[in-house]
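With CSV, C-alpha atoms and all ligand atoms inside, this is structure.csv:
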chain,number,residue,atom,x,y,z
A,1,MET,CA,-67.5,-99.7,78.5
A,2,CYS,CA,-68.7,-103.2,77.6
A,3,LEU,CA,-67.8,-105.4,80.5
A,4,LEU,CA,-69.0,-108.8,79.5
A,5,ALA,CA,-68.3,-111.0,76.6
A,6,GLY,CA,-71.2,-110.9,74.1
A,7,CYS,CA,-72.6,-107.7,75.3
A,8,SER,CA,-73.8,-105.1,72.8
A,9,ALA,CA,-75.1,-102.1,74.7
A,10,HIS,CA,-72.9,-99.1,75.3
A,11,ILE,CA,-74.6,-96.9,77.9
A,12,PRO,CA,-72.5,-94.4,79.8
A,13,THR,CA,-72.6,-95.0,83.5
A,14,ASP,CA,-71.2,-93.0,86.5
A,15,GLY,CA,-68.1,-94.0,88.3
A,16,ARG,CA,-70.1,-95.6,91.1
A,17,VAL,CA,-71.8,-98.0,88.7
A,18,ASP,CA,-68.5,-98.8,87.0
A,19,LYS,CA,-66.8,-99.6,90.2
A,20,ALA,CA,-69.6,-102.0,91.3
A,21,ALA,CA,-69.7,-103.6,87.9
A,22,HIS,CA,-65.9,-104.3,87.9
A,23,GLN,CA,-66.2,-105.9,91.3
A,24,ILE,CA,-69.2,-108.1,90.4
A,25,GLN,CA,-67.4,-109.1,87.2
A,26,LEU,CA,-64.6,-110.5,89.4
A,27,LEU,CA,-67.2,-112.1,91.7
A,28,LEU,CA,-68.7,-113.9,88.7
A,29,LYS,CA,-65.3,-115.2,87.7
A,30,GLU,CA,-64.5,-116.4,91.2
A,31,THR,CA,-67.9,-118.0,91.5
A,32,ASP,CA,-67.6,-119.8,88.3
A,33,LYS,CA,-64.2,-121.2,89.4
A,34,VAL,CA,-65.7,-122.6,92.7
A,35,LYS,CA,-68.7,-123.9,90.8
A,36,GLU,CA,-66.4,-125.9,88.5
A,37,GLN,CA,-64.7,-127.5,91.6
A,38,ASN,CA,-68.0,-128.4,93.2
A,39,GLU,CA,-68.5,-132.1,92.3
A,40,GLN,CA,-72.1,-132.4,93.5
A,41,ARG,CA,-73.0,-129.4,91.3
A,42,ASN,CA,-75.3,-128.1,94.1
A,43,LEU,CA,-73.7,-124.8,94.8
A,44,VAL,CA,-75.4,-122.0,93.0
A,45,ALA,CA,-74.4,-118.5,94.3
A,46,PRO,CA,-71.8,-116.7,96.4
A,47,ARG,CA,-72.6,-115.7,99.9
A,48,THR,CA,-69.5,-114.5,101.8
A,49,ILE,CA,-65.8,-115.1,102.3
A,50,GLU,CA,-65.0,-117.8,104.9
A,51,ALA,CA,-61.4,-118.4,106.1
A,52,GLY,CA,-60.2,-116.5,103.0
A,53,ARG,CA,-62.2,-118.6,100.6
A,54,LEU,CA,-65.3,-117.7,98.5
A,55,LYS,CA,-68.2,-119.5,100.1
A,56,LEU,CA,-71.0,-120.6,97.7
A,57,VAL,CA,-74.4,-121.8,98.8
A,58,PRO,CA,-77.0,-124.3,97.5
A,59,SER,CA,-80.4,-122.9,96.3
A,60,ARG,CA,-82.1,-123.8,99.6
A,61,ASP,CA,-79.9,-121.2,101.5
A,62,TRP,CA,-81.8,-118.0,102.3
A,63,THR,CA,-79.2,-115.9,100.5
A,64,SER,CA,-79.2,-117.9,97.2
A,65,GLY,CA,-81.3,-115.3,95.2
A,66,PHE,CA,-79.2,-112.2,96.0
A,67,PHE,CA,-76.5,-112.8,93.4
A,68,ALA,CA,-79.0,-113.2,90.6
A,69,GLY,CA,-80.6,-110.0,91.9
A,70,CYS,CA,-77.3,-108.1,91.8
A,71,LEU,CA,-76.9,-109.2,88.2
A,72,TRP,CA,-80.4,-108.0,87.3
A,73,TYR,CA,-79.7,-104.6,89.0
A,74,LEU,CA,-76.4,-104.3,87.0
A,75,TYR,CA,-78.3,-105.0,83.8
A,76,GLU,CA,-80.8,-102.3,84.8
A,77,LEU,CA,-78.1,-99.8,85.8
A,78,THR,CA,-76.0,-100.3,82.7
A,79,GLY,CA,-78.4,-101.5,80.0
A,80,ASP,CA,-75.6,-104.1,79.1
A,81,ASN,CA,-77.1,-107.3,77.8
A,82,GLY,CA,-74.1,-109.2,79.1
A,83,TRP,CA,-75.4,-108.7,82.6
A,84,LYS,CA,-78.9,-109.9,81.5
A,85,GLU,CA,-77.5,-113.1,80.1
A,86,GLN,CA,-75.7,-113.8,83.4
A,87,ALA,CA,-78.7,-112.8,85.4
A,88,ILE,CA,-80.9,-115.3,83.4
A,89,SER,CA,-78.4,-118.1,84.0
A,90,TYR,CA,-78.1,-117.5,87.8
A,91,THR,CA,-81.9,-117.0,88.2
A,92,ILE,CA,-82.7,-120.5,86.7
A,93,ASP,CA,-80.6,-122.1,89.4
A,94,ILE,CA,-83.1,-120.9,92.1
A,95,GLU,CA,-86.2,-122.2,90.4
A,96,LYS,CA,-86.7,-125.4,92.4
A,97,GLU,CA,-87.1,-123.3,95.6
A,98,LYS,CA,-90.6,-122.5,94.5
A,99,PHE,CA,-91.5,-126.0,96.0
A,100,ASN,CA,-89.6,-125.5,99.2
A,101,ALA,CA,-92.2,-125.1,102.0
A,102,GLY,CA,-89.7,-125.7,104.7
A,103,THR,CA,-88.8,-122.0,105.3
A,104,HIS,CA,-90.2,-118.5,105.1
A,105,ASP,CA,-87.2,-117.3,103.1
A,106,MET,CA,-89.1,-117.6,99.8
A,107,GLY,CA,-89.2,-113.9,99.2
A,108,PHE,CA,-85.5,-113.4,99.6
A,109,LYS,CA,-84.8,-116.3,97.3
A,110,ILE,CA,-87.4,-116.0,94.6
A,111,TYR,CA,-88.3,-112.3,94.7
A,112,CYS,CA,-84.8,-111.0,94.5
A,113,SER,CA,-84.1,-113.3,91.5
A,114,TYR,CA,-87.3,-114.1,89.7
A,115,GLY,CA,-89.1,-110.9,90.9
A,116,ASN,CA,-86.5,-108.6,89.5
A,117,GLY,CA,-86.2,-110.8,86.4
A,118,TYR,CA,-90.0,-110.5,85.8
A,119,ARG,CA,-90.0,-106.8,86.4
A,120,LEU,CA,-87.4,-106.3,83.7
A,121,THR,CA,-88.4,-109.0,81.1
A,122,HIS,CA,-92.1,-109.8,81.7
A,123,SER,CA,-91.3,-113.4,81.0
A,124,PRO,CA,-94.4,-115.6,81.5
A,125,GLN,CA,-92.1,-118.4,82.9
A,126,TYR,CA,-90.8,-116.1,85.6
A,127,ARG,CA,-94.4,-115.1,86.4
A,128,ASP,CA,-95.4,-118.7,86.9
A,129,VAL,CA,-92.4,-119.3,89.3
A,130,ILE,CA,-93.4,-116.2,91.4
A,131,ILE,CA,-97.0,-117.4,91.7
A,132,LYS,CA,-96.0,-121.0,92.6
A,133,ALA,CA,-93.6,-119.7,95.2
A,134,ALA,CA,-96.3,-117.4,96.7
A,135,LYS,CA,-98.6,-120.4,96.9
A,136,THR,CA,-95.9,-122.5,98.7
A,137,LEU,CA,-95.1,-119.6,101.1
A,138,SER,CA,-98.8,-119.2,101.9
A,139,THR,CA,-98.9,-122.8,103.3
A,140,ARG,CA,-96.8,-121.5,106.2
A,141,TYR,CA,-99.6,-119.1,107.3
A,142,ASN,CA,-101.5,-119.8,110.5
A,143,ALA,CA,-104.8,-117.9,110.7
A,144,LYS,CA,-104.9,-118.3,114.5
A,145,VAL,CA,-101.6,-116.5,114.9
A,146,GLY,CA,-102.2,-114.2,111.9
A,147,ALA,CA,-98.6,-114.8,110.7
A,148,ILE,CA,-96.4,-116.9,108.5
A,149,ARG,CA,-94.1,-119.3,110.4
A,150,SER,CA,-90.4,-118.4,109.9
A,151,TRP,CA,-88.3,-121.3,111.0
A,152,ASP,CA,-88.8,-125.0,111.5
A,153,HIS,CA,-85.4,-125.5,113.3
A,154,ASN,CA,-84.9,-125.4,117.1
A,155,GLN,CA,-88.3,-126.9,117.8
A,156,ASP,CA,-87.3,-127.5,121.4
A,157,LYS,CA,-86.9,-123.7,121.8
A,158,TRP,CA,-89.8,-122.2,119.8
A,159,GLU,CA,-93.2,-123.5,118.8
A,160,PHE,CA,-94.1,-121.0,116.1
A,161,PRO,CA,-91.3,-118.6,115.6
A,162,VAL,CA,-91.8,-115.4,113.6
A,163,ILE,CA,-88.8,-113.2,112.9
A,164,ILE,CA,-88.8,-109.6,111.9
A,165,ASP,CA,-86.9,-110.5,108.7
A,166,ASN,CA,-90.1,-112.2,107.6
A,167,MET,CA,-91.5,-108.7,106.7
A,168,MET,CA,-89.2,-108.9,103.6
A,169,ASN,CA,-91.0,-112.0,102.3
A,170,LEU,CA,-94.3,-110.2,102.0
A,171,GLU,CA,-93.3,-108.4,98.8
A,172,LEU,CA,-93.6,-111.7,96.9
A,173,LEU,CA,-97.2,-112.1,98.2
A,174,PHE,CA,-98.2,-108.6,97.2
A,175,GLU,CA,-96.8,-109.3,93.7
A,176,ALA,CA,-98.7,-112.6,93.4
A,177,THR,CA,-102.0,-110.9,94.0
A,178,LYS,CA,-101.2,-108.3,91.4
A,179,LEU,CA,-100.3,-111.1,88.9
A,180,THR,CA,-103.3,-113.3,89.6
A,181,GLY,CA,-106.1,-111.1,91.0
A,182,ASP,CA,-106.3,-113.6,93.9
A,183,SER,CA,-106.5,-111.4,97.0
A,184,SER,CA,-105.6,-114.2,99.4
A,185,PHE,CA,-101.9,-113.5,99.1
A,186,TYR,CA,-102.5,-109.8,99.8
A,187,GLN,CA,-104.6,-110.7,102.8
A,188,ILE,CA,-101.9,-113.0,104.3
A,189,ALA,CA,-99.3,-110.3,103.8
A,190,VAL,CA,-101.5,-107.6,105.5
A,191,ALA,CA,-102.4,-110.0,108.4
A,192,HIS,CA,-98.7,-110.8,108.9
A,193,ALA,CA,-97.7,-107.1,108.9
A,194,ASN,CA,-100.4,-106.3,111.4
A,195,THR,CA,-99.5,-109.1,113.8
A,196,THR,CA,-95.9,-108.2,113.6
A,197,MET,CA,-96.7,-104.5,114.2
A,198,GLU,CA,-98.6,-105.5,117.3
A,199,ASN,CA,-96.2,-108.0,118.9
A,200,HIS,CA,-92.6,-107.4,117.6
A,201,PHE,CA,-92.1,-103.8,118.7
A,202,ARG,CA,-91.2,-102.3,122.1
A,203,GLU,CA,-92.5,-99.0,123.3
A,204,ASP,CA,-89.5,-97.2,121.8
A,205,PHE,CA,-90.2,-98.9,118.4
A,206,SER,CA,-87.1,-101.1,118.5
A,207,SER,CA,-87.9,-104.6,117.5
A,208,TRP,CA,-87.3,-108.0,119.0
A,209,HIS,CA,-85.9,-110.5,116.5
A,210,VAL,CA,-88.1,-113.6,117.2
A,211,ILE,CA,-91.6,-113.7,118.6
A,212,ASP,CA,-92.7,-117.3,119.4
A,213,TYR,CA,-96.4,-117.9,119.3
A,214,ASN,CA,-98.7,-120.7,120.5
A,215,PRO,CA,-100.0,-122.0,117.2
A,216,GLU,CA,-103.3,-123.1,118.7
A,217,THR,CA,-104.2,-119.9,120.5
A,218,GLY,CA,-102.1,-117.3,118.8
A,219,ALA,CA,-100.7,-116.1,122.2
A,220,VAL,CA,-97.2,-114.8,122.4
A,221,VAL,CA,-95.0,-117.3,124.3
A,222,HIS,CA,-91.5,-115.8,124.0
A,223,ARG,CA,-89.8,-112.6,122.9
A,224,HIS,CA,-86.2,-113.4,121.8
A,225,THR,CA,-83.4,-111.8,119.9
A,226,HIS,CA,-81.5,-114.7,118.4
A,227,GLN,CA,-78.9,-113.0,116.2
A,228,GLY,CA,-78.5,-110.0,118.5
A,229,TYR,CA,-76.6,-109.3,121.7
A,230,ALA,CA,-79.4,-110.1,124.1
A,231,HIS,CA,-83.2,-110.7,124.1
A,232,HIS,CA,-83.7,-107.1,125.2
A,233,SER,CA,-81.3,-105.6,122.7
A,234,ALA,CA,-81.8,-104.1,119.2
A,235,TRP,CA,-80.1,-106.2,116.6
A,236,SER,CA,-79.2,-103.7,113.8
A,237,ARG,CA,-80.2,-105.7,110.8
A,238,GLY,CA,-83.5,-106.6,112.4
A,239,GLN,CA,-84.2,-102.9,112.8
A,240,ALA,CA,-83.3,-102.4,109.1
A,241,TRP,CA,-85.6,-105.2,108.0
A,242,ALA,CA,-88.4,-103.5,109.9
A,243,LEU,CA,-87.7,-100.1,108.3
A,244,TYR,CA,-87.6,-101.6,104.8
A,245,GLY,CA,-90.5,-104.0,105.5
A,246,TYR,CA,-93.0,-101.3,106.6
A,247,THR,CA,-91.9,-98.9,103.9
A,248,MET,CA,-92.6,-101.5,101.3
A,249,CYS,CA,-96.0,-102.4,103.0
A,250,TYR,CA,-97.0,-98.8,102.8
A,251,ARG,CA,-96.1,-98.7,99.1
A,252,GLU,CA,-98.3,-101.8,98.5
A,253,THR,CA,-101.3,-100.9,100.6
A,254,HIS,CA,-101.2,-97.1,101.3
A,255,ASP,CA,-102.2,-97.9,104.9
A,256,PRO,CA,-100.9,-94.9,106.8
A,257,ARG,CA,-100.2,-97.0,109.9
A,258,TYR,CA,-97.4,-98.7,108.0
A,259,LEU,CA,-95.9,-95.4,107.0
A,260,GLN,CA,-96.0,-94.2,110.7
A,261,GLN,CA,-94.3,-97.5,111.7
A,262,ALA,CA,-91.5,-97.0,109.2
A,263,GLU,CA,-91.0,-93.4,110.4
A,264,ALA,CA,-91.0,-94.5,114.0
A,265,VAL,CA,-88.4,-97.2,113.4
A,266,ALA,CA,-86.2,-94.7,111.5
A,267,ALA,CA,-86.5,-92.3,114.4
A,268,TYR,CA,-85.5,-95.0,116.9
A,269,MET,CA,-82.3,-95.8,114.9
A,270,PHE,CA,-81.3,-92.2,114.1
A,271,ASN,CA,-81.9,-90.9,117.6
A,272,HIS,CA,-80.1,-93.8,119.2
A,273,PRO,CA,-77.0,-92.6,121.1
A,274,ASN,CA,-75.1,-95.6,119.7
A,275,MET,CA,-75.8,-94.7,116.1
A,276,PRO,CA,-72.4,-93.8,114.7
A,277,SER,CA,-72.0,-90.4,112.9
A,278,ASP,CA,-71.4,-92.2,109.6
A,279,PHE,CA,-74.8,-94.0,110.0
A,280,VAL,CA,-73.2,-97.5,109.5
A,281,PRO,CA,-74.6,-99.2,112.6
A,282,TYR,CA,-72.7,-101.5,115.0
A,283,TRP,CA,-74.0,-105.1,114.6
A,284,ASP,CA,-76.3,-104.4,117.6
A,285,PHE,CA,-77.3,-101.0,119.0
A,286,ASP,CA,-76.8,-102.4,122.5
A,287,ALA,CA,-73.6,-104.3,121.9
A,288,PRO,CA,-71.5,-104.0,125.1
A,289,ASP,CA,-68.1,-102.8,123.8
A,290,ILE,CA,-69.2,-100.0,121.4
A,291,PRO,CA,-67.1,-98.4,119.8
A,292,ALA,CA,-64.9,-101.5,119.7
A,293,GLU,CA,-67.6,-103.7,118.1
A,294,PRO,CA,-67.9,-104.7,114.4
A,295,ARG,CA,-70.2,-102.7,112.1
A,296,ASP,CA,-72.9,-104.2,109.9
A,297,VAL,CA,-72.7,-102.7,106.5
A,298,SER,CA,-75.5,-104.9,105.3
A,299,ALA,CA,-77.8,-103.1,107.8
A,300,ALA,CA,-76.6,-99.8,106.4
A,301,ALA,CA,-77.3,-100.8,102.8
A,302,ILE,CA,-80.8,-102.0,103.7
A,303,MET,CA,-81.4,-98.8,105.5
A,304,ALA,CA,-80.2,-96.7,102.5
A,305,SER,CA,-82.5,-98.4,100.1
A,306,ALA,CA,-85.4,-98.2,102.5
A,307,LEU,CA,-84.8,-94.5,103.2
A,308,TYR,CA,-84.7,-93.5,99.5
A,309,GLU,CA,-88.2,-95.1,99.2
A,310,LEU,CA,-89.4,-93.7,102.5
A,311,SER,CA,-88.4,-90.2,101.4
A,312,THR,CA,-90.9,-90.4,98.5
A,313,PHE,CA,-93.8,-91.1,100.8
A,314,SER,CA,-93.1,-89.3,104.1
A,315,GLU,CA,-94.2,-85.7,104.7
A,316,LYS,CA,-91.9,-85.6,107.8
A,317,ASN,CA,-89.0,-83.2,107.6
A,318,GLU,CA,-86.5,-85.9,108.7
A,319,GLY,CA,-84.1,-85.7,105.8
A,320,TYR,CA,-84.5,-89.3,104.8
A,321,TYR,CA,-83.1,-88.8,101.3
A,322,ALA,CA,-80.0,-86.9,102.6
A,323,LYS,CA,-79.5,-89.7,105.2
A,324,ALA,CA,-79.6,-92.3,102.5
A,325,ASP,CA,-77.1,-90.3,100.5
A,326,ALA,CA,-74.8,-90.0,103.5
A,327,ILE,CA,-74.9,-93.7,104.1
A,328,MET,CA,-74.1,-94.4,100.5
A,329,ARG,CA,-71.1,-92.0,100.5
A,330,ASN,CA,-69.8,-93.3,103.8
A,331,ILE,CA,-70.1,-96.9,102.7
A,332,GLU,CA,-68.2,-96.1,99.5
A,333,ASP,CA,-65.5,-94.1,101.3
A,334,THR,CA,-64.9,-96.4,104.2
A,335,TYR,CA,-66.4,-99.9,103.8
A,336,ALA,CA,-66.1,-100.7,100.1
A,337,SER,CA,-63.6,-103.3,98.9
A,338,ARG,CA,-60.5,-102.0,97.3
A,339,PRO,CA,-60.8,-102.7,93.5
A,340,GLY,CA,-59.9,-106.3,92.7
A,341,THR,CA,-60.0,-107.5,96.3
A,342,ASN,CA,-62.5,-109.4,98.5
A,343,LYS,CA,-63.1,-112.0,95.7
A,344,GLY,CA,-65.2,-109.3,93.9
A,345,PHE,CA,-67.7,-108.4,96.6
A,346,ILE,CA,-68.4,-104.7,96.4
A,347,LEU,CA,-68.6,-104.1,100.2
A,348,GLY,CA,-66.8,-105.5,103.2
A,349,HIS,CA,-67.5,-105.2,106.9
A,350,SER,CA,-70.9,-106.8,107.4
A,351,THR,CA,-71.8,-109.0,110.3
A,352,GLY,CA,-73.9,-112.1,109.7
A,353,SER,CA,-74.3,-113.6,113.2
A,354,LYS,CA,-72.0,-112.3,115.9
A,355,PRO,CA,-73.5,-114.7,118.6
A,356,SER,CA,-72.5,-117.7,116.5
A,357,ASP,CA,-69.2,-116.0,115.6
A,358,SER,CA,-70.2,-116.4,112.0
A,359,GLU,CA,-69.5,-114.0,109.1
A,360,VAL,CA,-68.2,-111.2,111.4
A,361,ASP,CA,-66.7,-108.2,109.6
A,362,GLU,CA,-66.9,-109.9,106.2
A,363,PRO,CA,-68.5,-109.2,102.9
A,364,LEU,CA,-72.1,-110.5,102.5
A,365,ILE,CA,-73.9,-110.8,99.2
A,366,TYR,CA,-77.1,-109.2,100.6
A,367,ALA,CA,-75.1,-106.0,101.5
A,368,ASP,CA,-74.1,-105.8,97.9
A,369,TYR,CA,-77.7,-106.4,96.7
A,370,TYR,CA,-79.3,-103.7,98.8
A,371,TYR,CA,-76.4,-101.3,98.0
A,372,LEU,CA,-77.1,-101.8,94.2
A,373,GLU,CA,-80.8,-101.4,94.8
A,374,ALA,CA,-80.2,-98.2,96.7
A,375,MET,CA,-77.9,-97.0,93.9
A,376,LEU,CA,-80.8,-97.6,91.4
A,377,ARG,CA,-83.3,-95.8,93.6
A,378,ALA,CA,-81.0,-92.8,93.9
A,379,LYS,CA,-80.5,-92.8,90.2
A,380,ASN,CA,-84.2,-93.1,89.3
A,381,ARG,CA,-85.1,-90.3,91.7
A,382,LEU,CA,-82.4,-88.0,90.2
A,383,ASN,CA,-83.4,-88.7,86.6
A,401,LIG,N1,-82.5,-113.3,107.4
A,401,LIG,C1,-81.4,-113.6,108.1
A,401,LIG,C2,-80.5,-112.5,108.5
A,401,LIG,O1,-80.9,-111.3,108.4
A,401,LIG,O2,-79.4,-112.8,109.0
Have the structure of the file written as C-alpha cells, please.
Ligand code: GLY
Amino acid sequence: MCLLAGCSAHIPTDGRVDKAAHQIQLLLKETDKVKEQNEQRNLVAPRTIEAGRLKLVPSRDWTSGFFAGCLWYLYELTGDNGWKEQAISYTIDIEKEKFNAGTHDMGFKIYCSYGNGYRLTHSPQYRDVIIKAAKTLSTRYNAKVGAIRSWDHNQDKWEFPVIIDNMMNLELLFEATKLTGDSSFYQIAVAHANTTMENHFREDFSSWHVIDYNPETGAVVHRHTHQGYAHHSAWSRGQAWALYGYTMCYRETHDPRYLQQAEAVAAYMFNHPNMPSDFVPYWDFDAPDIPAEPRDVSAAAIMASALYELSTFSEKNEGYYAKADAIMRNIEDTYASRPGTNKGFILGHSTGSKPSDSEVDEPLIYADYYYLEAMLRAKNRLN
C-alpha cells in the first residue's frame, strides 16, 4: 500500500510495519498541524503528549532528531519514496545543531537524522553536516578527565558531569573518523568509553547516571542518579543506554572488553529480581513501589535494538535474540497505541523523568525510534 502522497514504490510489508507506518502517518499529520500554529516557527519535531496535546520541540532539544530518524527507518522498511521525502524535510530542520557546542546531545540529534540520511542516500551535504557536528562535539572533550562533558546546566551541583546516555553520542564520532580518515574522533570516543567503563559502573555492572569529575585533575567528585529513584539505584533507561552503547562500541572497535561490558550489563538487567516477566522494565529497577510503578517502554525498545545487535557478536548462550523478540512481541501486545490514537505515536507507556514528574507513562518519540530500529534489525537478520 502506498501511504503517502507522491510515493511510487510498492513494496509488500508485514503487518508490523504497516501498523507502525499508519501511526507515523498520523503523527506527521498532527505534527504539521501544530507546526502551522507555531508563530515563531521554531518547533521542528514531536516529542511526547503533554496534558493531552502533542508536544513539539525546537531543534536544540535532545530529542529533535528522532522523528526524522523514524521517517528514514520507515523509508528503509517500506522502500516508499514518500517517506524519504518527509525524512529529507524533517532532517533539514536539525542542521543548525551542528554548531551547537552547548550540549553533548549531538549524536542523538544529528546521527539519528543526518546519520541515517547519509547511510541511505550518501548525500555529500549530509556528510558535511556529520563531520561539522563531530568537530563541534569534540570541543566538549577534556583530556584530563578522558571524557566528553554532558551537561552545562546545574553548575552549582556538578563541575564536569558525564552521564551514561553520553555513550550514545560516540557513534557520530566513529562515523566522522570513517568519513574523514581523521582518527582524533575515534580516539575521543574510545577514551570516553574507557573512562565511563572505569567510573560509571558498580560491582554488579549496574550504572550510575551522572559521574561528576574535577576538570583539572580528572578525579571523580560525585556519583549521582539524577533521573532515577536514588543515587544508589539503577535507572532503567540508563542501563539500556549502557547496553546499547557498549554493543555499538564493540561493533566499531572490536575491543573484547566492550563486548564483555555489554554482556555484563545485560546479565545485570535480566537477572534482576525486579525485571518483569515481559522484559519491559519499571522506570527504575529499585523503584520503591514495584509492581505499582510505571514502566519505561523506551528502555525496552532500546534494549531490544541493542540485543539484536549483541546477538550477532556474542558467543554466550544467553538467548539475546530470543529476548529481543520477546520484548518486541510484548511491546506490541501490551504497550502499543491502539490504531489512530496517541496522536500517532506507535508506543505508549514510557517514562521520561519520574523524579521531575515529567512524561510519566506517556508516548516518547525515542521509544518509537528504537522500536523501528529494532524492527529493521530483526528484519535484516531474518532476510
Ligand atoms: N538522554 C536523556 C534521557 O535518556 O532521558
Discussion item. Show me the residues close to (-73.6, -110.2, 101.5) - anything with an atom within 10 Å, counting only C-alpha atoms - and format the list as an NGL selection string.
Written reply: :A and (46-49 or 63 or 66-67 or 297-298 or 345-352 or 359 or 362-371)
Using only C-alpha atoms, which protein or nucleic acid residues come within 12 Å of Ser206 in chain A? Drop anything in the same chain fewer than 5 positions from it, and give the result as an mmCIF file with C-alpha atoms, keeping the file's coordinate frame.
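This is the output file result_27.cif:
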data_model
loop_
_atom_site.group_PDB
_atom_site.id
_atom_site.type_symbol
_atom_site.label_atom_id
_atom_site.label_comp_id
_atom_site.auth_asym_id
_atom_site.auth_seq_id
_atom_site.Cartn_x
_atom_site.Cartn_y
_atom_site.Cartn_z
ATOM 1 C CA ILE A 164 -88.800 -109.600 111.900
ATOM 2 C CA MET A 197 -96.700 -104.500 114.200
ATOM 3 C CA ASN A 199 -96.200 -108.000 118.900
ATOM 4 C CA HIS A 200 -92.600 -107.400 117.600
ATOM 5 C CA PHE A 201 -92.100 -103.800 118.700
ATOM 6 C CA THR A 225 -83.400 -111.800 119.900
ATOM 7 C CA HIS A 231 -83.200 -110.700 124.100
ATOM 8 C CA HIS A 232 -83.700 -107.100 125.200
ATOM 9 C CA SER A 233 -81.300 -105.600 122.700
ATOM 10 C CA ALA A 234 -81.800 -104.100 119.200
ATOM 11 C CA TRP A 235 -80.100 -106.200 116.600
ATOM 12 C CA SER A 236 -79.200 -103.700 113.800
ATOM 13 C CA ARG A 237 -80.200 -105.700 110.800
ATOM 14 C CA GLY A 238 -83.500 -106.600 112.400
ATOM 15 C CA GLN A 239 -84.200 -102.900 112.800
ATOM 16 C CA ALA A 240 -83.300 -102.400 109.100
ATOM 17 C CA TRP A 241 -85.600 -105.200 108.000
ATOM 18 C CA ALA A 242 -88.400 -103.500 109.900
ATOM 19 C CA LEU A 243 -87.700 -100.100 108.300
ATOM 20 C CA GLN A 261 -94.300 -97.500 111.700
ATOM 21 C CA ALA A 262 -91.500 -97.000 109.200
ATOM 22 C CA GLU A 263 -91.000 -93.400 110.400
ATOM 23 C CA ALA A 264 -91.000 -94.500 114.000
ATOM 24 C CA VAL A 265 -88.400 -97.200 113.400
ATOM 25 C CA ALA A 266 -86.200 -94.700 111.500
ATOM 26 C CA ALA A 267 -86.500 -92.300 114.400
ATOM 27 C CA TYR A 268 -85.500 -95.000 116.900
ATOM 28 C CA MET A 269 -82.300 -95.800 114.900
ATOM 29 C CA PHE A 270 -81.300 -92.200 114.100
ATOM 30 C CA ASN A 271 -81.900 -90.900 117.600
ATOM 31 C CA HIS A 272 -80.100 -93.800 119.200
ATOM 32 C CA ASP A 284 -76.300 -104.400 117.600
ATOM 33 C CA PHE A 285 -77.300 -101.000 119.000
ATOM 34 C CA ASP A 286 -76.800 -102.400 122.500
#
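Separating CA of Pro161 in chain A from CA of Thr217 in chain A is a distance of 13.9 Å.
Closest approach to ligand LIG 401 (chain A) among A:Ala143, A:Leu259, A:Ala299, A:Val44: A:Ala299, based on all atoms listed in the file.
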Worksheet item: What lies within 10 Å of Glu216 in chain A using only C-alpha atoms, ignoring chain neighbours under 5 positions off, as a PyMOL selection string?
Response: chain A and resi 142-145+160
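Here CA of Leu56 in chain A and CA of Asn154 in chain A stand 24.3 Å from one another.
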Discussion item. Could you list, as a count of residues only, every residue within 7 Å of range 112-127 of chain A, counting all atoms listed in the file and ignoring same-chain residues fewer than 4 positions away?
Written reply: 8
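For the residues A:Asn380, A:Asn274, A:Thr78, A:Ser64, ranking by smallest atom-to-atom distance to ligand LIG 401 (chain A) using only C-alpha atoms and all ligand atoms places A:Ser64 first.
Between ligand LIG 401 (chain A) and the candidates A:Arg338, A:Lys135, A:Lys109, A:Arg381, the tightest atom-to-atom separation, counting all atoms listed in the file, involves A:Lys109.
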Give me the range 242-354 of chain A side of the contact with range 21-32 of chain A, cut-off 9 Å, one line per residue showing its nearest atom pair and distance in Å at one decimal, counting only C-alpha atoms, sorted by chain and residue number, as JSON lines.
{"residue": "A:Ser337", "atom": "CA", "partner": "A:Gln23", "partner_atom": "CA", "distance": 8.4}
{"residue": "A:Pro339", "atom": "CA", "partner": "A:Gln23", "partner_atom": "CA", "distance": 6.7}
{"residue": "A:Gly340", "atom": "CA", "partner": "A:Gln23", "partner_atom": "CA", "distance": 6.5}
{"residue": "A:Thr341", "atom": "CA", "partner": "A:Gln23", "partner_atom": "CA", "distance": 8.1}
{"residue": "A:Asn342", "atom": "CA", "partner": "A:Leu27", "partner_atom": "CA", "distance": 8.7}
{"residue": "A:Lys343", "atom": "CA", "partner": "A:Leu27", "partner_atom": "CA", "distance": 5.7}
{"residue": "A:Gly344", "atom": "CA", "partner": "A:Leu27", "partner_atom": "CA", "distance": 4.1}
{"residue": "A:Phe345", "atom": "CA", "partner": "A:Gln23", "partner_atom": "CA", "distance": 6.0}
{"residue": "A:Ile346", "atom": "CA", "partner": "A:Gln23", "partner_atom": "CA", "distance": 5.7}
Practice prompt. Rounded to one decimal place, report the CA of Tyr90 in chain A-CA of Leu71 in chain A distance in Å.
Written response: 8.4 Å
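Using all atoms listed in the file for every distance, the candidate list A:Tyr229, A:Trp62, A:Tyr250, A:Phe205 yields A:Trp62 as the residue closest to ligand LIG 401 (chain A).
Of the listed residues (A:Met167, A:Leu172, A:Ala189, A:Ala287), A:Met167 comes nearest to ligand LIG 401 (chain A); the distances count all atoms listed in the file.
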Fill in: Shell around Tyr308 in chain A at 9 Å using all atoms listed in the file, local window under 4 positions removed, as JSON, numbers by chain
{"A": [303, 304, 312, 320, 321, 322, 323, 324, 325, 374, 377, 378, 381]}
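Proximity ranking of A:Gln187, A:Ser314, A:Asn330, A:Ser150 relative to ligand LIG 401 (chain A) places A:Ser150 first, based on only C-alpha atoms and all ligand atoms.
Residue neighbourhood of Trp158 in chain A, excluding near-sequence residues (fewer than 4 positions): Trp151, Asp152, His153, Asn154, Ile211, Asp212, Tyr213, Val221 and His222 of chain A, at 9 Å, using only C-alpha atoms.
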